[in-house]
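As provided, final09.txt (compact mmCIF, N, CA and C atoms) reads as follows.
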# COMPACT_ATOMS: atom_id res chain seq x y z
N MET W 523 65.22 -19.21 70.12
CA MET W 523 66.53 -18.71 69.77
C MET W 523 67.02 -17.79 70.88
N LYS W 524 68.24 -18.00 71.25
CA LYS W 524 68.87 -17.16 72.27
C LYS W 524 69.56 -15.99 71.59
N SER W 525 69.75 -14.92 72.34
CA SER W 525 70.43 -13.76 71.77
C SER W 525 71.93 -14.03 71.66
N ILE W 526 72.59 -13.18 70.93
CA ILE W 526 74.03 -13.34 70.69
C ILE W 526 74.81 -12.91 71.93
N ASN W 527 75.74 -13.74 72.34
CA ASN W 527 76.69 -13.36 73.37
C ASN W 527 77.78 -12.56 72.65
N LYS W 528 77.69 -11.24 72.77
CA LYS W 528 78.54 -10.36 71.97
C LYS W 528 80.03 -10.56 72.24
N LYS W 529 80.41 -10.76 73.48
CA LYS W 529 81.83 -10.93 73.81
C LYS W 529 82.39 -12.17 73.11
N SER W 530 81.70 -13.30 73.22
CA SER W 530 82.16 -14.53 72.58
C SER W 530 82.17 -14.40 71.06
N ALA W 531 81.14 -13.74 70.53
CA ALA W 531 81.05 -13.58 69.07
C ALA W 531 82.16 -12.67 68.55
N VAL W 532 82.48 -11.62 69.26
CA VAL W 532 83.55 -10.72 68.84
C VAL W 532 84.90 -11.44 68.90
N ILE W 533 85.14 -12.20 69.97
CA ILE W 533 86.39 -12.96 70.07
C ILE W 533 86.49 -13.95 68.92
N SER W 534 85.42 -14.67 68.64
CA SER W 534 85.41 -15.63 67.53
C SER W 534 85.67 -14.94 66.20
N ALA W 535 85.03 -13.80 65.99
CA ALA W 535 85.20 -13.06 64.74
C ALA W 535 86.64 -12.56 64.59
N ILE W 536 87.25 -12.10 65.67
CA ILE W 536 88.63 -11.63 65.61
C ILE W 536 89.56 -12.79 65.25
N ILE W 537 89.29 -13.97 65.79
CA ILE W 537 90.11 -15.14 65.46
C ILE W 537 89.98 -15.47 63.98
N VAL W 538 88.76 -15.49 63.46
CA VAL W 538 88.53 -15.78 62.04
C VAL W 538 89.20 -14.72 61.18
N TRP W 539 89.02 -13.46 61.52
CA TRP W 539 89.63 -12.37 60.76
C TRP W 539 91.15 -12.50 60.76
N SER W 540 91.73 -12.87 61.91
CA SER W 540 93.19 -13.02 61.99
C SER W 540 93.69 -14.10 61.05
N PHE W 541 93.04 -15.26 61.05
CA PHE W 541 93.41 -16.31 60.10
C PHE W 541 93.30 -15.80 58.67
N GLY W 542 92.21 -15.11 58.39
CA GLY W 542 91.97 -14.62 57.04
C GLY W 542 92.99 -13.60 56.58
N ILE W 543 93.32 -12.64 57.42
CA ILE W 543 94.25 -11.60 57.01
C ILE W 543 95.66 -12.16 56.86
N ILE W 544 96.03 -13.09 57.72
CA ILE W 544 97.35 -13.72 57.59
C ILE W 544 97.44 -14.48 56.27
N ALA W 545 96.42 -15.25 55.94
CA ALA W 545 96.42 -16.00 54.68
C ALA W 545 96.40 -15.06 53.48
N PHE W 546 95.58 -14.01 53.55
CA PHE W 546 95.44 -13.05 52.47
C PHE W 546 96.78 -12.37 52.17
N VAL W 547 97.42 -11.85 53.20
CA VAL W 547 98.69 -11.14 53.03
C VAL W 547 99.81 -12.11 52.64
N ALA W 548 99.86 -13.27 53.26
CA ALA W 548 100.91 -14.25 52.96
C ALA W 548 100.86 -14.71 51.51
N SER W 549 99.66 -14.76 50.94
CA SER W 549 99.53 -15.25 49.56
C SER W 549 100.28 -14.35 48.57
N TYR W 550 100.46 -13.09 48.90
CA TYR W 550 101.20 -12.18 48.02
C TYR W 550 102.69 -12.50 47.97
N PHE W 551 103.19 -13.16 49.00
CA PHE W 551 104.62 -13.48 49.06
C PHE W 551 104.98 -14.74 48.27
N TYR W 552 103.98 -15.51 47.89
CA TYR W 552 104.20 -16.77 47.17
C TYR W 552 103.36 -16.78 45.90
N PRO W 553 103.76 -16.02 44.89
CA PRO W 553 102.95 -15.93 43.67
C PRO W 553 102.90 -17.27 42.93
N VAL W 554 101.69 -17.69 42.64
CA VAL W 554 101.47 -18.93 41.90
C VAL W 554 100.80 -18.63 40.57
N ILE W 555 99.88 -17.66 40.59
CA ILE W 555 99.21 -17.24 39.36
C ILE W 555 99.60 -15.79 39.06
N SER W 556 99.33 -15.35 37.83
CA SER W 556 99.79 -14.02 37.41
C SER W 556 99.03 -12.87 38.07
N ASP W 557 97.81 -13.09 38.55
CA ASP W 557 97.02 -12.05 39.19
C ASP W 557 97.09 -12.22 40.71
N PRO W 558 97.92 -11.44 41.39
CA PRO W 558 98.10 -11.63 42.84
C PRO W 558 96.84 -11.34 43.65
N ASP W 559 95.99 -10.41 43.17
CA ASP W 559 94.75 -10.12 43.90
C ASP W 559 93.79 -11.30 43.81
N LEU W 560 93.68 -11.89 42.65
CA LEU W 560 92.83 -13.07 42.49
C LEU W 560 93.36 -14.21 43.34
N GLN W 561 94.66 -14.40 43.34
CA GLN W 561 95.27 -15.45 44.16
C GLN W 561 94.96 -15.22 45.63
N ALA W 562 95.09 -13.98 46.10
CA ALA W 562 94.82 -13.68 47.51
C ALA W 562 93.37 -13.99 47.86
N ASN W 563 92.44 -13.66 46.96
CA ASN W 563 91.04 -13.96 47.22
C ASN W 563 90.77 -15.46 47.23
N TRP W 564 91.43 -16.21 46.35
CA TRP W 564 91.27 -17.67 46.35
C TRP W 564 91.82 -18.26 47.64
N VAL W 565 93.00 -17.82 48.03
CA VAL W 565 93.60 -18.32 49.27
C VAL W 565 92.69 -18.00 50.45
N LEU W 566 92.17 -16.78 50.50
CA LEU W 566 91.26 -16.40 51.57
C LEU W 566 90.01 -17.25 51.56
N SER W 567 89.44 -17.49 50.39
CA SER W 567 88.20 -18.27 50.34
C SER W 567 88.42 -19.71 50.80
N PHE W 568 89.60 -20.28 50.53
CA PHE W 568 89.90 -21.63 51.02
C PHE W 568 90.22 -21.63 52.51
N THR W 569 90.92 -20.62 52.97
CA THR W 569 91.29 -20.51 54.38
C THR W 569 90.07 -20.22 55.25
N LEU W 570 89.12 -19.51 54.69
CA LEU W 570 87.95 -19.08 55.45
C LEU W 570 87.10 -20.25 55.95
N ILE W 571 87.06 -21.34 55.19
CA ILE W 571 86.22 -22.47 55.61
C ILE W 571 86.67 -23.02 56.96
N PRO W 572 87.92 -23.47 57.10
CA PRO W 572 88.30 -23.96 58.44
C PRO W 572 88.33 -22.85 59.49
N ALA W 573 88.68 -21.63 59.08
CA ALA W 573 88.73 -20.52 60.05
C ALA W 573 87.34 -20.23 60.62
N ALA W 574 86.33 -20.18 59.76
CA ALA W 574 84.96 -19.92 60.23
C ALA W 574 84.44 -21.08 61.06
N LEU W 575 84.82 -22.31 60.70
CA LEU W 575 84.43 -23.46 61.51
C LEU W 575 85.05 -23.38 62.90
N ILE W 576 86.31 -22.99 62.96
CA ILE W 576 86.98 -22.83 64.26
C ILE W 576 86.31 -21.71 65.06
N GLY W 577 86.03 -20.59 64.41
CA GLY W 577 85.37 -19.48 65.10
C GLY W 577 84.00 -19.87 65.63
N ALA W 578 83.22 -20.59 64.81
CA ALA W 578 81.89 -21.04 65.26
C ALA W 578 82.03 -22.03 66.41
N HIS W 579 83.00 -22.93 66.30
CA HIS W 579 83.22 -23.91 67.38
C HIS W 579 83.55 -23.20 68.69
N ILE W 580 84.43 -22.21 68.61
CA ILE W 580 84.80 -21.47 69.82
C ILE W 580 83.57 -20.81 70.44
N TYR W 581 82.70 -20.26 69.60
CA TYR W 581 81.49 -19.60 70.10
C TYR W 581 80.54 -20.62 70.72
N TYR W 582 80.24 -21.69 70.01
CA TYR W 582 79.22 -22.64 70.46
C TYR W 582 79.68 -23.58 71.55
N ARG W 583 80.98 -23.72 71.75
CA ARG W 583 81.47 -24.64 72.78
C ARG W 583 81.10 -24.16 74.18
N LYS W 584 80.77 -22.89 74.32
CA LYS W 584 80.38 -22.34 75.62
C LYS W 584 78.90 -22.56 75.91
N GLY W 585 78.23 -23.30 75.01
CA GLY W 585 76.82 -23.63 75.24
C GLY W 585 75.83 -22.62 74.70
N HIS W 586 76.27 -21.69 73.90
CA HIS W 586 75.35 -20.71 73.32
C HIS W 586 74.47 -21.40 72.27
N HIS W 587 73.25 -20.92 72.13
CA HIS W 587 72.30 -21.51 71.18
C HIS W 587 71.81 -20.48 70.17
N THR W 588 72.65 -19.56 69.81
CA THR W 588 72.30 -18.50 68.86
C THR W 588 72.08 -19.08 67.46
N ASN W 589 71.12 -18.54 66.75
CA ASN W 589 70.90 -18.91 65.35
C ASN W 589 72.19 -18.67 64.58
N GLY W 590 72.64 -19.68 63.85
CA GLY W 590 73.92 -19.60 63.15
C GLY W 590 73.95 -18.55 62.06
N PHE W 591 72.83 -18.33 61.40
CA PHE W 591 72.77 -17.30 60.37
C PHE W 591 72.98 -15.92 60.99
N LEU W 592 72.30 -15.67 62.11
CA LEU W 592 72.46 -14.38 62.80
C LEU W 592 73.87 -14.23 63.36
N LEU W 593 74.42 -15.32 63.88
CA LEU W 593 75.80 -15.26 64.38
C LEU W 593 76.76 -14.96 63.23
N GLY W 594 76.56 -15.61 62.09
CA GLY W 594 77.41 -15.36 60.93
C GLY W 594 77.36 -13.90 60.49
N ILE W 595 76.17 -13.34 60.47
CA ILE W 595 76.02 -11.92 60.10
C ILE W 595 76.73 -11.03 61.12
N PHE W 596 76.56 -11.33 62.41
CA PHE W 596 77.21 -10.53 63.43
C PHE W 596 78.73 -10.64 63.31
N MET W 597 79.24 -11.87 63.15
CA MET W 597 80.69 -12.05 63.04
C MET W 597 81.23 -11.36 61.80
N PHE W 598 80.49 -11.43 60.69
CA PHE W 598 80.96 -10.75 59.49
C PHE W 598 80.92 -9.23 59.68
N SER W 599 79.96 -8.73 60.43
CA SER W 599 79.91 -7.29 60.72
C SER W 599 81.15 -6.84 61.49
N VAL W 600 81.59 -7.67 62.43
CA VAL W 600 82.83 -7.38 63.15
C VAL W 600 84.00 -7.36 62.18
N THR W 601 84.00 -8.31 61.24
CA THR W 601 85.05 -8.36 60.22
C THR W 601 85.07 -7.09 59.37
N ILE W 602 83.90 -6.60 59.01
CA ILE W 602 83.83 -5.36 58.23
C ILE W 602 84.49 -4.21 59.00
N ILE W 603 84.21 -4.14 60.28
CA ILE W 603 84.81 -3.08 61.11
C ILE W 603 86.34 -3.24 61.15
N LEU W 604 86.80 -4.47 61.36
CA LEU W 604 88.25 -4.71 61.38
C LEU W 604 88.88 -4.40 60.04
N ASP W 605 88.19 -4.74 58.95
CA ASP W 605 88.71 -4.41 57.62
C ASP W 605 88.78 -2.91 57.42
N ALA W 606 87.77 -2.19 57.89
CA ALA W 606 87.75 -0.74 57.71
C ALA W 606 88.83 -0.05 58.54
N VAL W 607 89.10 -0.58 59.72
CA VAL W 607 90.05 0.06 60.63
C VAL W 607 91.50 -0.41 60.41
N ILE W 608 91.67 -1.67 60.01
CA ILE W 608 93.03 -2.22 59.91
C ILE W 608 93.39 -2.64 58.48
N THR W 609 92.59 -3.52 57.89
CA THR W 609 92.96 -4.11 56.60
C THR W 609 93.14 -3.06 55.51
N VAL W 610 92.14 -2.24 55.30
CA VAL W 610 92.21 -1.27 54.20
C VAL W 610 93.33 -0.25 54.42
N PRO W 611 93.40 0.42 55.57
CA PRO W 611 94.45 1.42 55.71
C PRO W 611 95.88 0.86 55.70
N PHE W 612 96.08 -0.35 56.24
CA PHE W 612 97.44 -0.87 56.38
C PHE W 612 97.87 -1.84 55.28
N PHE W 613 96.90 -2.51 54.65
CA PHE W 613 97.26 -3.52 53.66
C PHE W 613 96.75 -3.25 52.25
N ILE W 614 95.79 -2.37 52.11
CA ILE W 614 95.22 -2.09 50.78
C ILE W 614 95.65 -0.72 50.27
N MET W 615 95.49 0.31 51.08
CA MET W 615 95.82 1.68 50.65
C MET W 615 97.29 1.88 50.28
N PRO W 616 98.23 1.28 51.00
CA PRO W 616 99.64 1.49 50.60
C PRO W 616 99.96 0.96 49.20
N TYR W 617 99.11 0.11 48.67
CA TYR W 617 99.35 -0.46 47.34
C TYR W 617 98.38 0.07 46.30
N GLY W 618 97.79 1.23 46.58
CA GLY W 618 96.96 1.91 45.60
C GLY W 618 95.47 1.64 45.70
N GLY W 619 95.04 0.80 46.61
CA GLY W 619 93.61 0.53 46.78
C GLY W 619 92.96 1.58 47.65
N ASN W 620 91.67 1.49 47.78
CA ASN W 620 90.92 2.39 48.65
C ASN W 620 89.71 1.67 49.21
N TYR W 621 88.95 2.35 50.03
CA TYR W 621 87.79 1.73 50.66
C TYR W 621 86.78 1.25 49.62
N ALA W 622 86.53 2.06 48.62
CA ALA W 622 85.54 1.69 47.60
C ALA W 622 85.99 0.45 46.82
N SER W 623 87.26 0.41 46.42
CA SER W 623 87.73 -0.74 45.65
C SER W 623 87.69 -2.01 46.49
N PHE W 624 87.89 -1.89 47.78
CA PHE W 624 87.87 -3.06 48.66
C PHE W 624 86.45 -3.52 48.94
N PHE W 625 85.60 -2.60 49.42
CA PHE W 625 84.26 -2.99 49.86
C PHE W 625 83.25 -3.16 48.73
N LEU W 626 83.53 -2.64 47.55
CA LEU W 626 82.61 -2.81 46.43
C LEU W 626 83.03 -3.94 45.50
N ASP W 627 84.13 -4.60 45.82
CA ASP W 627 84.60 -5.72 45.01
C ASP W 627 83.66 -6.91 45.19
N LEU W 628 83.26 -7.53 44.10
CA LEU W 628 82.37 -8.69 44.14
C LEU W 628 82.97 -9.81 44.99
N SER W 629 84.27 -9.99 44.92
CA SER W 629 84.93 -11.05 45.71
C SER W 629 84.69 -10.86 47.20
N PHE W 630 84.69 -9.63 47.66
CA PHE W 630 84.44 -9.35 49.07
C PHE W 630 83.08 -9.88 49.49
N TRP W 631 82.07 -9.65 48.66
CA TRP W 631 80.71 -10.06 49.01
C TRP W 631 80.49 -11.55 48.82
N LEU W 632 81.21 -12.16 47.89
CA LEU W 632 81.13 -13.62 47.76
C LEU W 632 81.76 -14.29 48.98
N ILE W 633 82.85 -13.72 49.45
CA ILE W 633 83.49 -14.22 50.66
C ILE W 633 82.57 -14.01 51.86
N ALA W 634 81.84 -12.90 51.88
CA ALA W 634 80.87 -12.66 52.96
C ALA W 634 79.80 -13.75 52.99
N ILE W 635 79.29 -14.10 51.83
CA ILE W 635 78.28 -15.15 51.74
C ILE W 635 78.86 -16.47 52.22
N GLU W 636 80.09 -16.76 51.81
CA GLU W 636 80.75 -17.98 52.25
C GLU W 636 80.90 -18.01 53.77
N TYR W 637 81.36 -16.92 54.34
CA TYR W 637 81.59 -16.82 55.78
C TYR W 637 80.29 -17.09 56.55
N ILE W 638 79.25 -16.36 56.20
CA ILE W 638 77.96 -16.49 56.88
C ILE W 638 77.41 -17.91 56.70
N SER W 639 77.56 -18.46 55.50
CA SER W 639 77.05 -19.81 55.22
C SER W 639 77.78 -20.88 56.02
N VAL W 640 79.09 -20.74 56.16
CA VAL W 640 79.86 -21.73 56.93
C VAL W 640 79.45 -21.70 58.39
N VAL W 641 79.28 -20.52 58.96
CA VAL W 641 78.87 -20.42 60.37
C VAL W 641 77.46 -20.99 60.54
N ALA W 642 76.56 -20.68 59.61
CA ALA W 642 75.20 -21.21 59.68
C ALA W 642 75.19 -22.73 59.52
N ALA W 643 76.02 -23.26 58.63
CA ALA W 643 76.10 -24.70 58.43
C ALA W 643 76.64 -25.39 59.69
N TYR W 644 77.63 -24.78 60.32
CA TYR W 644 78.16 -25.35 61.56
C TYR W 644 77.05 -25.45 62.59
N TRP W 645 76.25 -24.41 62.73
CA TRP W 645 75.14 -24.39 63.69
C TRP W 645 74.14 -25.50 63.37
N GLN W 646 73.81 -25.67 62.10
CA GLN W 646 72.86 -26.72 61.70
C GLN W 646 73.41 -28.10 62.04
N ILE W 647 74.67 -28.31 61.78
CA ILE W 647 75.30 -29.60 62.08
C ILE W 647 75.32 -29.85 63.58
N GLU W 648 75.65 -28.83 64.35
CA GLU W 648 75.65 -28.95 65.81
C GLU W 648 74.25 -29.30 66.32
N LYS W 649 73.23 -28.65 65.77
CA LYS W 649 71.86 -28.96 66.18
C LYS W 649 71.50 -30.40 65.85
N ALA W 650 71.89 -30.87 64.67
CA ALA W 650 71.58 -32.24 64.26
C ALA W 650 72.29 -33.25 65.16
N ILE W 651 73.54 -32.98 65.49
CA ILE W 651 74.29 -33.87 66.39
C ILE W 651 73.65 -33.90 67.76
N GLU W 652 73.28 -32.73 68.26
CA GLU W 652 72.65 -32.63 69.57
C GLU W 652 71.33 -33.39 69.59
N LYS W 653 70.56 -33.27 68.55
CA LYS W 653 69.26 -33.96 68.45
C LYS W 653 69.46 -35.47 68.41
N THR W 654 70.48 -35.91 67.68
CA THR W 654 70.78 -37.34 67.60
C THR W 654 71.18 -37.88 68.97
N GLN W 655 71.99 -37.12 69.70
CA GLN W 655 72.42 -37.55 71.02
C GLN W 655 71.27 -37.61 72.00
N VAL W 656 70.34 -36.67 71.89
CA VAL W 656 69.17 -36.67 72.77
C VAL W 656 68.28 -37.88 72.45
N ASN W 657 68.12 -38.19 71.18
CA ASN W 657 67.28 -39.32 70.79
C ASN W 657 67.88 -40.66 71.20
N LYS W 658 69.20 -40.74 71.29
CA LYS W 658 69.85 -41.99 71.72
C LYS W 658 69.72 -42.21 73.22
N SER W 659 69.52 -41.13 73.97
CA SER W 659 69.45 -41.24 75.43
C SER W 659 68.19 -41.87 75.91

Is it possible to express this structure as structure tokens?
Amino acid sequence: MKSINKKSAVISAIIVWSFGIIAFVASYFYPVISDPDLQANWVLSFTLIPAALIGAHIYYRKGHHTNGFLLGIFMFSVTIILDAVITVPFFIMPYGGNYASFFLDLSFWLIAIEYISVVAAYWQIEKAIEKTQVNKS
């Protein structure tokens, strides 16, 4: 296992976080269900799958061989920092939320598991494809 290329991982995490925050905030402008917070979390959880795949692709396309689980944890750690510095103060606190309500919410941690799992799954699929290509050669 190779170590994490921090610059590429941070860039990938920022891209994923950007997709996520745009989807999360935009969902409030188009109410479909009566609970806007639940709707925002659902929209984020659906948006996160392609966003995390794109972020992992951006990271791995440079030839890095980092363990996907570790990369997912690192990328999610960057997301936590961005949430603490930007999301909570600018998008949660003005509407009555706080750090505790945001970071202790079960939905936050379920989304964390999803994020890490998607990045790890991408890595496993990339390894399988690479192995198949090597065996065909």

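A straight line drawn from atom C of Tyr581 of chain W to atom CA of Ile633 of chain W is 21.3 Å long.
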
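Nearest residue to Trp564 of chain W, choosing from W:Phe625, W:Phe613, W:Phe546, W:Phe598 and counting all atoms listed in the file: W:Phe546.
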
Pairwise distance for atom CA of Met615 of chain W and atom CA of Phe596 of chain W, rounded to one decimal in Å: 25.7 Å

Any idea what's packed within 6.5 Å of Thr601 of chain W, counting only N, CA and C atoms, ignoring anything in its chain fewer than 5 positions away? Could you give it as a PDB file with N, CA and C atoms, in the frame of the given file?
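Result went into out.pdb, see below:
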ATOM      1  N   ALA W 535      85.030 -13.800  65.990  1.00  0.00           N
ATOM      2  CA  ALA W 535      85.200 -13.060  64.740  1.00  0.00           C
ATOM      3  C   ALA W 535      86.640 -12.560  64.590  1.00  0.00           C
ATOM      4  N   TRP W 539      89.020 -13.460  61.520  1.00  0.00           N
ATOM      5  CA  TRP W 539      89.630 -12.370  60.760  1.00  0.00           C
ATOM      6  C   TRP W 539      91.150 -12.500  60.760  1.00  0.00           C
ATOM      7  N   PHE W 596      76.560 -11.330  62.410  1.00  0.00           N
ATOM      8  CA  PHE W 596      77.210 -10.530  63.430  1.00  0.00           C
ATOM      9  C   PHE W 596      78.730 -10.640  63.310  1.00  0.00           C
ATOM     10  N   ALA W 606      87.770  -2.190  57.890  1.00  0.00           N
ATOM     11  CA  ALA W 606      87.750  -0.740  57.710  1.00  0.00           C
ATOM     12  C   ALA W 606      88.830  -0.050  58.540  1.00  0.00           C
TER      13      ALA W 606
END

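The list of residues with at least one atom within 7 Å of Ala578 of chain W, based on only C-alpha atoms and without residues fewer than 2 positions apart in the same chain, reads Ser534, Ala574, Leu575, Ile576, Ile580, Tyr581, Tyr582, Val641 and Tyr644 of chain W.
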
Go ahead and save the residues from that selection, with N, CA and C atoms, as a short mmCIF file (atom, residue, chain, number, x, y, z; two decimals), in the frame of the given file.
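Just written: out-v2.cif:
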data_model
loop_
_atom_site.label_atom_id
_atom_site.label_comp_id
_atom_site.auth_asym_id
_atom_site.auth_seq_id
_atom_site.Cartn_x
_atom_site.Cartn_y
_atom_site.Cartn_z
N SER W 534 85.42 -14.67 68.64
CA SER W 534 85.41 -15.63 67.53
C SER W 534 85.67 -14.94 66.20
N ALA W 574 86.33 -20.18 59.76
CA ALA W 574 84.96 -19.92 60.23
C ALA W 574 84.44 -21.08 61.06
N LEU W 575 84.82 -22.31 60.70
CA LEU W 575 84.43 -23.46 61.51
C LEU W 575 85.05 -23.38 62.90
N ILE W 576 86.31 -22.99 62.96
CA ILE W 576 86.98 -22.83 64.26
C ILE W 576 86.31 -21.71 65.06
N ILE W 580 84.43 -22.21 68.61
CA ILE W 580 84.80 -21.47 69.82
C ILE W 580 83.57 -20.81 70.44
N TYR W 581 82.70 -20.26 69.60
CA TYR W 581 81.49 -19.60 70.10
C TYR W 581 80.54 -20.62 70.72
N TYR W 582 80.24 -21.69 70.01
CA TYR W 582 79.22 -22.64 70.46
C TYR W 582 79.68 -23.58 71.55
N VAL W 641 79.28 -20.52 58.96
CA VAL W 641 78.87 -20.42 60.37
C VAL W 641 77.46 -20.99 60.54
N TYR W 644 77.63 -24.78 60.32
CA TYR W 644 78.16 -25.35 61.56
C TYR W 644 77.05 -25.45 62.59
#

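The shortest atom-to-atom distance to Leu560 of chain W, with only C-alpha atoms taken into account, belongs to W:Leu628 out of W:Ile638, W:Ala643, W:Leu628, W:Ile608.
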
Once DSSP has gone over the backbone, tell me which residues of chain W are in helix (DSSP H, G or I), as a PyMOL selection string. chain W and resi 528-549+558-582+590-617+621-625+628-658
